[in-house]
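**Q** Below is one structure. I have some questions about it.
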Amino acid sequence: MSRQRLLPIMTVCVMIAVGISGYVWFSHKRSPQSPGPVEKLTLGTDRSQLSSPIWIAEQQGHFRDAGRAVTIKEWPTGKLALQALLQGEPLDIITVGSTPIMLQSFSRDDFRIIATFVDSQDNDRVIANRASAITTVTDLRGKKIGYVKETSAHFLLEILLVEHGLIPAQVEVVELKPVDLPKALADRHVDAIAIWEPYATQALALLQERGVRLSPPGTYRATYNLVAMQDFIDKRQHAVTRFLTAIDRTNRFISDQREAAQTIVAGRLQMDRAVVAQLWEKFSYRLFLDQLFVLDLESQARWAIKSQLTDKTVGPNYLHFVSFDSLQSVKPKAVTLVSPRP
C-alpha cells in the first residue's frame with residue numbers, strides 16, 4: 001500500500017483511539033449516572049458538623065446521582081430524630097449518636113445500625129467557668145452542671161467524674177436545650193456544661209479567658225451513625241446500599257476537596273467558615289462498622305443500668321442491632337466486627 005493511501009488511514013485510527021481514550025477518561029471523571037428510576041428517601045438529621053457528609057451529598061447531587069431523591073428533615077438532636085423514627089414518623093434513615101441507640105435498645109429491637117459515618121475523639125466536651133472557682137474536675141463537687149440528658153455528652157460527663165473520684169450525686173445537673181448551654185454557662189446560670197460541637201466552641205468564645213476545658217481529647221470516642229427500621233431494610237435493601245454509595249462518594253470528596261467541603265458546610269449550617277475549618281480536624285468522615293463501637297454500646301449499657309436509666313438488669317446483644325450487608329457490599333473492608341453474625 002502506498003504511503004499516500006496509508007497516511008489517511010493511520011490518521012483516522014489515531015483519531016479513533018484518542019476519542020475512545022477521551023470517552024473513557026470522561027466517563028470515569030463525570031458524576032455517576034442514576035442507575036434507574038429515582039427512588040425517594042426521607043432522612044432525619046440534626047444541624048451539626050457531624051452530619052457534614054449529608055449536607056455535602058445534598059449540595060453536590062450525590063444522592064441524585066445514586067438514584068435517590070432525598071428529603072432531609074432537621075431535628076434539634078439525633079436523639080429526637082431516633083425517637084421520631086421509632087414513633088412511626090415518615091422517616092427512612094436517621095443520624096444519631098451511640099447513647100440514644102443504647103438507651104432505646106432496652107425497649108425496642110426493631111431498628112438497625114447500617115453504618116457509622118463519622119467519629120471524633122473531641123466532639124463532646126466538659127467546659128467550666130473559671131469565675132465559679134473551677135480549674136480542675138474535682139472542683140465540680142457541689143456545682144451546677146448543664147447538660148442534655150441521655151446523650152453522649154452525658155456519658156462523657158459521668159466518665160470524667162468517676163475518673164476523678166466523684167460520683168454523679170456530688171454534682172447538681174441541670175437539663176437544658178443544647179442551644180441554650182453556652183449562654184447559660186457564660187451568664188453563670190450553671191458552673192459547667194457537658195456539650196458537643198459547635199456549642200462547645202461557642203461557649204469558649206463567650207467565656208474567653210474564663211473558659212476552662214476539663215475533658216482532654218481522647219476521653220471518649222463519639223460516633224455518629226445511620227439507623228433505619230429493620231422492616232425498611234428488608235423491603236428496600238437496594239435503596240440503603242445506594243444511599244451508602246452516595247455517602248462513600250461524598251467522603252472521597254471531603255478528603256480530596258477539603259476547602260470546598262468546608263465552604264459547603266459553612267453555608268448550609270450558616271456558620272462562620274473559620275469556625276468550620278477549626279473544628280474540621282476533630283472529625284473523621286468515613287463509613288465503617290467496627291468492634292469498638294459494639295464495645296462502646298456494651299459499656300454504655302452497663303452505665304445505664306448502674307445509673308438506673310433503665311429498669312433492665314442485663315444489656316442486649318448489640319450485634320443483633322447491626323445490619324452490615326449494605327455496607328459490606330459498598331466497602332467490604334470497612335466491616336471489622338469480630339463476629340458479624342451473632
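FYI, nothing fancy with the C-alpha cells labels: chains A, B, ... in order, residues from 1 per chain, ligands from 1 as they appear.
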Please produce, as JSON lines, a per-residue contact table for range 86-186 of chain A versus range 286-298 of chain A (criterion: any atom at most 10 Å away, only C-alpha atoms considered), showing the nearest atom pair and its distance in Å to one decimal, sorted by chain then residue number.
**A**
```
{"residue": "A:Ser98", "atom": "CA", "partner": "A:Leu297", "partner_atom": "CA", "distance": 6.8}
{"residue": "A:Thr99", "atom": "CA", "partner": "A:Leu297", "partner_atom": "CA", "distance": 7.4}
{"residue": "A:Pro100", "atom": "CA", "partner": "A:Leu297", "partner_atom": "CA", "distance": 10.0}
{"residue": "A:Ile101", "atom": "CA", "partner": "A:Leu297", "partner_atom": "CA", "distance": 8.2}
{"residue": "A:Met102", "atom": "CA", "partner": "A:Leu297", "partner_atom": "CA", "distance": 5.9}
{"residue": "A:Leu103", "atom": "CA", "partner": "A:Leu297", "partner_atom": "CA", "distance": 9.3}
{"residue": "A:Ser105", "atom": "CA", "partner": "A:Leu297", "partner_atom": "CA", "distance": 9.8}
{"residue": "A:Ile113", "atom": "CA", "partner": "A:Leu289", "partner_atom": "CA", "distance": 8.9}
{"residue": "A:Ile114", "atom": "CA", "partner": "A:Leu289", "partner_atom": "CA", "distance": 8.2}
{"residue": "A:Ala115", "atom": "CA", "partner": "A:Leu289", "partner_atom": "CA", "distance": 5.7}
{"residue": "A:Thr116", "atom": "CA", "partner": "A:Phe288", "partner_atom": "CA", "distance": 5.3}
{"residue": "A:Phe117", "atom": "CA", "partner": "A:Leu287", "partner_atom": "CA", "distance": 4.5}
{"residue": "A:Val118", "atom": "CA", "partner": "A:Arg286", "partner_atom": "CA", "distance": 5.7}
{"residue": "A:Asp119", "atom": "CA", "partner": "A:Arg286", "partner_atom": "CA", "distance": 8.1}
```
**Q** If you count only C-alpha atoms, which residues fall within 10 Å of Leu82 in chain A, apart from same-chain ones fewer than 3 positions away, as an MDAnalysis selection string?
**A** chainID A and resid 44:45 75 77:79 85:87 89 91 93:97 100:101 104 111 227:228
**Q** Could you find all residues in range 7-207 of chain A that DSSP calls alpha helix (DSSP H) from the backbone, and write them as a PyMOL selection string?
**A** chain A and resi 7-29+52-60+62-65+78-86+98-104+152-163+181-186+199-207
**Q** Identify, on the basis of only C-alpha atoms, every residue whose closest approach to Thr201 in chain A does not exceed 10 Å; exclude the query and any residue fewer than 4 positions from it along the same chain; express the result as a list in words.
**A**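 Contacts, in chain order: Asn123, Arg125, Ile127, Pro182, Ile195, Trp196, Glu197, Ala205, Leu206, Leu207, Val275, Gln278 and Leu279 of chain A.
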**Q** Please produce a file of the residues just selected, as an mmCIF file, in the first residue's frame, where the atoms kept are all heavy atoms.
**A**
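part-v6.cif, freshly written:
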```cif
data_model
loop_
_atom_site.group_PDB
_atom_site.id
_atom_site.type_symbol
_atom_site.label_atom_id
_atom_site.label_comp_id
_atom_site.auth_asym_id
_atom_site.auth_seq_id
_atom_site.Cartn_x
_atom_site.Cartn_y
_atom_site.Cartn_z
ATOM 1 N N ASN A 123 -15.337 15.608 70.141
ATOM 2 C CA ASN A 123 -16.578 16.301 69.807
ATOM 3 C C ASN A 123 -17.354 16.692 71.063
ATOM 4 O O ASN A 123 -17.875 17.800 71.162
ATOM 5 C CB ASN A 123 -17.462 15.436 68.913
ATOM 6 C CG ASN A 123 -18.766 16.126 68.552
ATOM 7 O OD1 ASN A 123 -18.762 17.176 67.913
ATOM 8 N ND2 ASN A 123 -19.885 15.553 68.974
ATOM 9 N N ARG A 125 -17.514 17.637 75.034
ATOM 10 C CA ARG A 125 -16.567 18.278 75.941
ATOM 11 C C ARG A 125 -17.263 18.740 77.216
ATOM 12 O O ARG A 125 -18.446 19.059 77.206
ATOM 13 C CB ARG A 125 -15.911 19.478 75.256
ATOM 14 C CG ARG A 125 -15.250 19.114 73.951
ATOM 15 C CD ARG A 125 -14.807 20.318 73.160
ATOM 16 N NE ARG A 125 -13.536 20.836 73.648
ATOM 17 C CZ ARG A 125 -12.872 21.805 73.049
ATOM 18 N NH1 ARG A 125 -13.334 22.368 71.950
ATOM 19 N NH2 ARG A 125 -11.725 22.232 73.540
ATOM 20 N N ILE A 127 -16.908 21.765 79.864
ATOM 21 C CA ILE A 127 -16.298 23.093 79.949
ATOM 22 C C ILE A 127 -16.837 23.797 81.187
ATOM 23 O O ILE A 127 -18.038 23.720 81.485
ATOM 24 C CB ILE A 127 -16.622 23.917 78.686
ATOM 25 C CG1 ILE A 127 -16.016 23.227 77.458
ATOM 26 C CG2 ILE A 127 -16.109 25.348 78.802
ATOM 27 C CD1 ILE A 127 -16.522 23.793 76.148
ATOM 28 N N PRO A 182 -24.355 27.309 76.022
ATOM 29 C CA PRO A 182 -23.231 28.262 76.055
ATOM 30 C C PRO A 182 -23.539 29.536 76.836
ATOM 31 O O PRO A 182 -22.745 29.973 77.683
ATOM 32 C CB PRO A 182 -22.976 28.550 74.569
ATOM 33 C CG PRO A 182 -23.439 27.317 73.870
ATOM 34 C CD PRO A 182 -24.647 26.881 74.631
ATOM 35 N N ILE A 195 -21.334 19.210 76.673
ATOM 36 C CA ILE A 195 -21.978 19.525 75.401
ATOM 37 C C ILE A 195 -21.071 19.119 74.244
ATOM 38 O O ILE A 195 -19.908 18.782 74.434
ATOM 39 C CB ILE A 195 -22.319 21.038 75.328
ATOM 40 C CG1 ILE A 195 -23.264 21.346 74.156
ATOM 41 C CG2 ILE A 195 -21.052 21.860 75.294
ATOM 42 C CD1 ILE A 195 -24.555 20.591 74.147
ATOM 43 N N TRP A 196 -21.623 19.138 73.060
ATOM 44 C CA TRP A 196 -20.887 18.774 71.849
ATOM 45 C C TRP A 196 -20.693 20.010 70.970
ATOM 46 O O TRP A 196 -21.208 21.085 71.233
ATOM 47 C CB TRP A 196 -21.635 17.674 71.088
ATOM 48 C CG TRP A 196 -23.068 17.987 70.812
ATOM 49 C CD1 TRP A 196 -23.587 18.656 69.739
ATOM 50 C CD2 TRP A 196 -24.199 17.636 71.631
ATOM 51 N NE1 TRP A 196 -24.962 18.743 69.825
ATOM 52 C CE2 TRP A 196 -25.359 18.128 70.979
ATOM 53 C CE3 TRP A 196 -24.334 16.959 72.848
ATOM 54 C CZ2 TRP A 196 -26.637 17.969 71.501
ATOM 55 C CZ3 TRP A 196 -25.611 16.797 73.368
ATOM 56 C CH2 TRP A 196 -26.752 17.293 72.700
ATOM 57 N N GLU A 197 -19.927 19.800 69.890
ATOM 58 C CA GLU A 197 -19.699 20.881 68.943
ATOM 59 C C GLU A 197 -20.933 21.101 68.064
ATOM 60 O O GLU A 197 -21.673 20.173 67.802
ATOM 61 C CB GLU A 197 -18.487 20.571 68.056
ATOM 62 C CG GLU A 197 -17.178 20.459 68.805
ATOM 63 C CD GLU A 197 -16.694 21.786 69.387
ATOM 64 O OE1 GLU A 197 -17.392 22.817 69.253
ATOM 65 O OE2 GLU A 197 -15.623 21.771 70.003
ATOM 66 N N ALA A 205 -15.879 30.713 73.210
ATOM 67 C CA ALA A 205 -15.789 32.051 72.618
ATOM 68 C C ALA A 205 -16.460 33.092 73.517
ATOM 69 O O ALA A 205 -15.973 34.220 73.658
ATOM 70 C CB ALA A 205 -16.424 32.054 71.231
ATOM 71 N N LEU A 206 -17.572 32.710 74.139
ATOM 72 C CA LEU A 206 -18.265 33.625 75.055
ATOM 73 C C LEU A 206 -17.465 33.843 76.336
ATOM 74 O O LEU A 206 -17.412 34.952 76.873
ATOM 75 C CB LEU A 206 -19.650 33.076 75.397
ATOM 76 C CG LEU A 206 -20.716 33.104 74.301
ATOM 77 C CD1 LEU A 206 -21.969 32.369 74.754
ATOM 78 C CD2 LEU A 206 -21.065 34.542 73.923
ATOM 79 N N LEU A 207 -16.828 32.794 76.812
ATOM 80 C CA LEU A 207 -16.107 32.869 78.084
ATOM 81 C C LEU A 207 -14.749 33.550 77.965
ATOM 82 O O LEU A 207 -14.274 34.169 78.920
ATOM 83 C CB LEU A 207 -15.913 31.455 78.647
ATOM 84 C CG LEU A 207 -17.168 30.744 79.141
ATOM 85 C CD1 LEU A 207 -16.871 29.273 79.397
ATOM 86 C CD2 LEU A 207 -17.697 31.399 80.411
ATOM 87 N N VAL A 275 -14.696 28.958 61.758
ATOM 88 C CA VAL A 275 -15.054 28.027 62.840
ATOM 89 C C VAL A 275 -15.180 26.608 62.285
ATOM 90 O O VAL A 275 -14.709 25.645 62.897
ATOM 91 C CB VAL A 275 -16.363 28.470 63.521
ATOM 92 C CG1 VAL A 275 -16.824 27.413 64.530
ATOM 93 C CG2 VAL A 275 -16.182 29.813 64.212
ATOM 94 N N GLN A 278 -11.808 25.285 61.772
ATOM 95 C CA GLN A 278 -11.179 24.998 63.068
ATOM 96 C C GLN A 278 -11.640 23.652 63.626
ATOM 97 O O GLN A 278 -10.850 22.880 64.174
ATOM 98 C CB GLN A 278 -11.518 26.113 64.056
ATOM 99 C CG GLN A 278 -11.021 25.872 65.478
ATOM 100 C CD GLN A 278 -11.546 26.917 66.458
ATOM 101 O OE1 GLN A 278 -12.017 27.980 66.056
ATOM 102 N NE2 GLN A 278 -11.467 26.610 67.730
ATOM 103 N N LEU A 279 -12.931 23.366 63.465
ATOM 104 C CA LEU A 279 -13.497 22.132 64.003
ATOM 105 C C LEU A 279 -13.229 20.919 63.110
ATOM 106 O O LEU A 279 -13.365 19.776 63.565
ATOM 107 C CB LEU A 279 -15.006 22.295 64.193
ATOM 108 C CG LEU A 279 -15.456 23.346 65.213
ATOM 109 C CD1 LEU A 279 -16.973 23.438 65.235
ATOM 110 C CD2 LEU A 279 -14.922 23.019 66.594
#
```
**Q** Hey, which of A:Phe321, A:Phe155, A:Tyr147, A:Phe63 ends up closest to Val179 in chain A? Count only C-alpha atoms.
**A** A:Tyr147
**Q** Nearest residue to Ala184 in chain A out of A:Asn129, A:Thr135, A:Ile159, A:Arg210, using only C-alpha atoms?
**A**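 Smallest separation from Ala184 in chain A among the options: A:Asn129.
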**Q** Do you know which residues are at most 12 Å from Asp311 in chain A counting only C-alpha atoms, after dropping those on the same chain fewer than 3 positions away, and could you put them as a PyMOL selection string?
**A** chain A and resi 103+106-107+301-302+304-308+314-315
**Q** Write out, as a tab-separated table (two decimals), in the first residue's frame, the residues just selected, with N, CA and C atoms.
**A**
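What follows is the written file selection_9.tsv:
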```tsv
chain	number	residue	atom	x	y	z
A	103	LEU	N	-29.84	3.40	74.72
A	103	LEU	CA	-30.99	3.52	75.60
A	103	LEU	C	-32.26	2.94	74.97
A	106	PHE	N	-33.02	-1.04	74.98
A	106	PHE	CA	-33.59	-1.75	76.12
A	106	PHE	C	-35.09	-2.00	75.94
A	107	SER	N	-35.73	-1.20	75.10
A	107	SER	CA	-37.18	-1.36	74.94
A	107	SER	C	-37.61	-1.70	73.51
A	301	ALA	N	-24.30	0.54	78.15
A	301	ALA	CA	-25.43	-0.21	78.71
A	301	ALA	C	-25.20	-0.50	80.19
A	302	ARG	N	-23.97	-0.87	80.54
A	302	ARG	CA	-23.66	-1.11	81.96
A	302	ARG	C	-23.81	0.18	82.77
A	304	ALA	N	-25.85	2.69	82.00
A	304	ALA	CA	-27.28	3.00	82.08
A	304	ALA	C	-27.97	2.17	83.16
A	305	ILE	N	-27.59	0.89	83.27
A	305	ILE	CA	-28.17	0.02	84.29
A	305	ILE	C	-27.78	0.51	85.69
A	306	LYS	N	-26.49	0.81	85.85
A	306	LYS	CA	-26.00	1.27	87.15
A	306	LYS	C	-26.60	2.62	87.54
A	307	SER	N	-26.83	3.48	86.54
A	307	SER	CA	-27.39	4.81	86.80
A	307	SER	C	-28.91	4.81	86.84
A	308	GLN	N	-29.51	3.63	86.68
A	308	GLN	CA	-30.98	3.47	86.71
A	308	GLN	C	-31.66	4.31	85.63
A	314	VAL	N	-29.84	-6.42	82.48
A	314	VAL	CA	-28.86	-7.01	81.56
A	314	VAL	C	-28.96	-6.27	80.22
A	315	GLY	N	-27.82	-5.96	79.64
A	315	GLY	CA	-27.81	-5.28	78.34
A	315	GLY	C	-28.07	-6.26	77.21
```
**Q** Which residue out of A:Ala266, A:Ala128, A:Lys312, A:Arg249 has the minimum interatomic distance to Glu209 in chain A when only C-alpha atoms are used?
**A** A:Ala128
**Q** How many Å separate CA of Pro217 in chain A from CA of Thr250 in chain A?
**A**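 CA of Thr250 in chain A lies 26.3 Å from CA of Pro217 in chain A.
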**Q** List every residue of range 5-230 of chain A that DSSP, applied to the backbone, labels as strand (DSSP E), and write the result as a PyMOL selection string.
**A** chain A and resi 39-46+68-75+93-97+111-120+124-129+144-147+172-175+192-196+211-213+222-229
**Q** With only C-alpha atoms counted and 12 Å as the cut-off, give the residues of range 203-284 of chain A in contact with range 322-340 of chain A, each with its shortest interatomic distance in Å and the pair that gives it, as JSON lines.
**A**
```
{"residue": "A:Asn225", "atom": "CA", "partner": "A:Val322", "partner_atom": "CA", "distance": 10.9}
{"residue": "A:Leu226", "atom": "CA", "partner": "A:Ser323", "partner_atom": "CA", "distance": 10.5}
{"residue": "A:Val227", "atom": "CA", "partner": "A:Val322", "partner_atom": "CA", "distance": 9.2}
{"residue": "A:Ala228", "atom": "CA", "partner": "A:Ser323", "partner_atom": "CA", "distance": 9.3}
{"residue": "A:Met229", "atom": "CA", "partner": "A:Ser323", "partner_atom": "CA", "distance": 10.1}
{"residue": "A:Gln230", "atom": "CA", "partner": "A:Ser323", "partner_atom": "CA", "distance": 8.3}
{"residue": "A:Asp231", "atom": "CA", "partner": "A:Ser323", "partner_atom": "CA", "distance": 11.6}
{"residue": "A:Phe232", "atom": "CA", "partner": "A:Ser323", "partner_atom": "CA", "distance": 11.6}
{"residue": "A:Ile233", "atom": "CA", "partner": "A:Ser323", "partner_atom": "CA", "distance": 8.4}
{"residue": "A:Asp234", "atom": "CA", "partner": "A:Ser323", "partner_atom": "CA", "distance": 10.1}
{"residue": "A:Arg236", "atom": "CA", "partner": "A:Ser326", "partner_atom": "CA", "distance": 10.6}
{"residue": "A:Gln237", "atom": "CA", "partner": "A:Ser326", "partner_atom": "CA", "distance": 7.1}
{"residue": "A:His238", "atom": "CA", "partner": "A:Ser326", "partner_atom": "CA", "distance": 7.9}
{"residue": "A:Ala239", "atom": "CA", "partner": "A:Ser326", "partner_atom": "CA", "distance": 9.3}
{"residue": "A:Val240", "atom": "CA", "partner": "A:Ser326", "partner_atom": "CA", "distance": 6.5}
{"residue": "A:Thr241", "atom": "CA", "partner": "A:Ser326", "partner_atom": "CA", "distance": 4.8}
{"residue": "A:Arg242", "atom": "CA", "partner": "A:Val330", "partner_atom": "CA", "distance": 8.5}
{"residue": "A:Phe243", "atom": "CA", "partner": "A:Ser326", "partner_atom": "CA", "distance": 9.3}
{"residue": "A:Leu244", "atom": "CA", "partner": "A:Leu327", "partner_atom": "CA", "distance": 6.9}
{"residue": "A:Thr245", "atom": "CA", "partner": "A:Val330", "partner_atom": "CA", "distance": 6.2}
{"residue": "A:Ala246", "atom": "CA", "partner": "A:Val330", "partner_atom": "CA", "distance": 9.9}
{"residue": "A:Ile247", "atom": "CA", "partner": "A:Val330", "partner_atom": "CA", "distance": 10.2}
{"residue": "A:Asp248", "atom": "CA", "partner": "A:Val330", "partner_atom": "CA", "distance": 8.1}
{"residue": "A:Arg249", "atom": "CA", "partner": "A:Val330", "partner_atom": "CA", "distance": 10.5}
```
**Q** Any chance you could tabulate, as CSV, the residues of range 198-285 of chain A at most 10 Å from range 48-59 of chain A with each one's nearest atom pair and distance in Å to one decimal, using only C-alpha atoms, in chain and rising number order?
**A**
```
residue,atom,partner,partner_atom,distance
A:Pro198,CA,A:Ser48,CA,7.1
A:Tyr199,CA,A:Ser48,CA,9.6
A:Thr223,CA,A:Leu50,CA,8.8
A:Tyr224,CA,A:Leu50,CA,6.9
A:Asn225,CA,A:Ser51,CA,9.6
A:Phe243,CA,A:Ala57,CA,10.0
A:Ala246,CA,A:Ala57,CA,6.9
A:Ile247,CA,A:Pro53,CA,6.4
A:Asp248,CA,A:Pro53,CA,8.8
A:Arg249,CA,A:Ala57,CA,8.3
A:Thr250,CA,A:Ala57,CA,5.7
A:Asn251,CA,A:Pro53,CA,6.6
A:Arg252,CA,A:Pro53,CA,9.9
A:Phe253,CA,A:Ile56,CA,8.7
A:Ile254,CA,A:Pro53,CA,7.8
A:Ala260,CA,A:Ile56,CA,9.5
A:Ala261,CA,A:Ile56,CA,6.7
A:Gln262,CA,A:Ser52,CA,8.6
A:Thr263,CA,A:Ile56,CA,9.7
A:Ile264,CA,A:Ile56,CA,6.4
A:Val265,CA,A:Ser52,CA,6.1
A:Ala266,CA,A:Gln49,CA,8.8
A:Gly267,CA,A:Trp55,CA,9.7
A:Arg268,CA,A:Trp55,CA,6.8
A:Leu269,CA,A:Ser48,CA,7.4
A:Met271,CA,A:Gln49,CA,9.6
A:Val276,CA,A:Gln49,CA,7.7
A:Leu279,CA,A:Gln49,CA,8.3
A:Trp280,CA,A:Gln49,CA,8.3
A:Lys282,CA,A:Leu50,CA,9.6
A:Phe283,CA,A:Leu50,CA,7.3
A:Ser284,CA,A:Leu50,CA,9.2
A:Tyr285,CA,A:Pro53,CA,7.5
```
**Q** List the neighbours of Leu181 in chain A out to 10 Å using only C-alpha atoms; skip same-chain residues closer than 5 positions along the sequence, and give me the result as a list in words.
**A**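 My reading of the contact set: Ile145, Gly146, Tyr147, Val148, Val174, Glu175, Leu176, Ala186, Asp187, His189, Val190, Ala192, Ile193, Ala194, Ile195, Tyr199, Ala200, Gln202 and Ala203 of chain A.
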**Q** Please determine, counting only C-alpha atoms, which residue among A:Gln270, A:Tyr318, A:Thr136, A:Asp110 has the shortest atom-to-atom distance to Ser299 in chain A.
**A**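 The answer is A:Tyr318, which sits nearest to Ser299 in chain A.
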